[in-house]
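In what follows, a structure is listed as structure tokens, so that the remarks can point back to it.
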Amino acid sequence: MARTVIHILINLIFFSGSILATNDEKRILLTDPDYADNLQLHRDIQTLKSAMETIKQTVVSQSTLTQKQTTEIANLQSETAEIANLKIKLQQQTAEIANLQTKLQQRENAQVDVETKLQKIMLSPTGAVYTQWGRKVCTKNGTELVYSGLGGGGNYDNQGRSATPVCVPHDPDLGPVSSTGYFATMYGMEYNDAAFGKNLYDKDVPCAVCRAIHVTSIAMIPGKSNCNKGWAKEYEGVLAAGYHGDPGPSSYICIDHSPEVLEGGVQNDNGYTLFPVKAYCGSLKCPPYVQNSIFNCVVCSK
């Protein structure tokens, strides 16, 4: 619209100029009506020129303002796009934080579960007791020594002796002395064969009563040196019992493969004598067993 007005004004100026040029060629009289008209026309032309200049400035200002607004709109669009990208990134980070919080909660729950189970294990009264024959202490790591003692049992020649040997402590709480004629006896235990080790013949046998912690079962396996899958080895050794020709009954026990002796216990007093157990083929199938082969043994826990 502004440009149209400018064009009209320009045309009027040129047209007026043409009239003035024509009138200049004429003789001008102050009383001539054309003079007054031309003077008024000149004034109008000056007014139109001034108006045209104002319009030009207005057009320039509007153009500048339009360019500025266009730039601002472009900047706003760019900022809007950047804000949209930031919103997307914020949503992604929020989702990632939620995922990390879920994983952290799962780990905390797992840790609490482990700690609860560990506390139950620590407070649980589980454990199993066994005797490690031939040793003064328990050799398995994590095993509690209940007490250390010496092997004891009935005399090998007594038919009525107990078949089961026991580990008697070094610090007994003694009962009263008895003079009755009917009684059972408790003798010490002796190695009676070199198969248990060099220089052990007639030596007294020590023992240790052990508590395997966090287990519920103990098994002595004759003929084996290792435990079955899922079981832990407490110790291994040589299977022993009383001499097969003696009248007194006995039990099979597992003597540690590295036996010790009691200090000062070197006198041949017999008592509960120990001999290695040998395989005797017949009702015992050979193979897999071999005649006169010494039986190994292992004590296992679970």
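Naming scheme: A, B, ... for chains in displayed order of the structure tokens; residues 1 onward per chain; ligands 1 onward as shown.
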Practice problem: Excluding region 220-235 of chain A and any residue of its chain fewer than 3 positions from it, enumerate the residues within 10 Å of it, using only C-alpha atoms, and give them as number ranges by chain. | Solution: A: 130, 132-133, 138-141, 143, 210, 212, 215, 217, 238-240, 252-258, 277, 279, 289, 294-302
Self-check item: region 29-271 of chain A: residues DSSP assigns to strand (DSSP E or B), reported as a PyMOL selection string
Solution: chain A and resi 127-133+143-153+166-169+187-191+204+206-213+218-222+232-241+253-256
Quiz item: If we count only C-alpha atoms, what is near Asp157 (chain A) at a cut-off of 7 Å, once residues fewer than 2 positions away on the same chain are taken out, given as a PyMOL selection string?
Solution: chain A and resi 155+159+246-248
Those selected residues, please, written with N, CA, C and O atoms and delivered as a PDB file, in the first residue's frame.
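Once everything was written out, this is again_39.pdb:
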ATOM      1  N   ASN A 155      39.526-103.363  77.769  1.00  0.00           N
ATOM      2  CA  ASN A 155      40.717-104.163  77.461  1.00  0.00           C
ATOM      3  C   ASN A 155      40.412-105.149  76.339  1.00  0.00           C
ATOM      4  O   ASN A 155      39.325-105.733  76.274  1.00  0.00           O
ATOM      5  N   GLN A 159      35.847-110.026  77.225  1.00  0.00           N
ATOM      6  CA  GLN A 159      34.730-110.330  76.340  1.00  0.00           C
ATOM      7  C   GLN A 159      33.560-109.351  76.536  1.00  0.00           C
ATOM      8  O   GLN A 159      32.807-109.076  75.606  1.00  0.00           O
ATOM      9  N   ASP A 246      41.175-111.432  69.052  1.00  0.00           N
ATOM     10  CA  ASP A 246      40.945-111.097  70.460  1.00  0.00           C
ATOM     11  C   ASP A 246      39.483-111.327  70.823  1.00  0.00           C
ATOM     12  O   ASP A 246      38.579-111.135  69.990  1.00  0.00           O
ATOM     13  N   PRO A 247      39.204-111.698  72.071  1.00  0.00           N
ATOM     14  CA  PRO A 247      37.832-111.979  72.485  1.00  0.00           C
ATOM     15  C   PRO A 247      36.969-110.731  72.656  1.00  0.00           C
ATOM     16  O   PRO A 247      35.748-110.806  72.559  1.00  0.00           O
ATOM     17  N   GLY A 248      37.598-109.610  72.925  1.00  0.00           N
ATOM     18  CA  GLY A 248      36.822-108.398  73.180  1.00  0.00           C
ATOM     19  C   GLY A 248      36.304-107.776  71.879  1.00  0.00           C
ATOM     20  O   GLY A 248      37.031-107.700  70.873  1.00  0.00           O
TER      21      GLY A 248
END
Practice problem: Point out the residue among A:Gly160, A:Pro259, A:Gly242, A:Gly175 with the least atom-to-atom distance to Val137 (chain A), counting only C-alpha atoms. | Solution: A:Pro259
Practice problem: Just give me the gap between CA of Tyr147 (chain A) and CA of Ala208 (chain A) in Å, one decimal is fine. | Solution: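 Separation between CA of Tyr147 (chain A) and CA of Ala208 (chain A): 6.1 Å.
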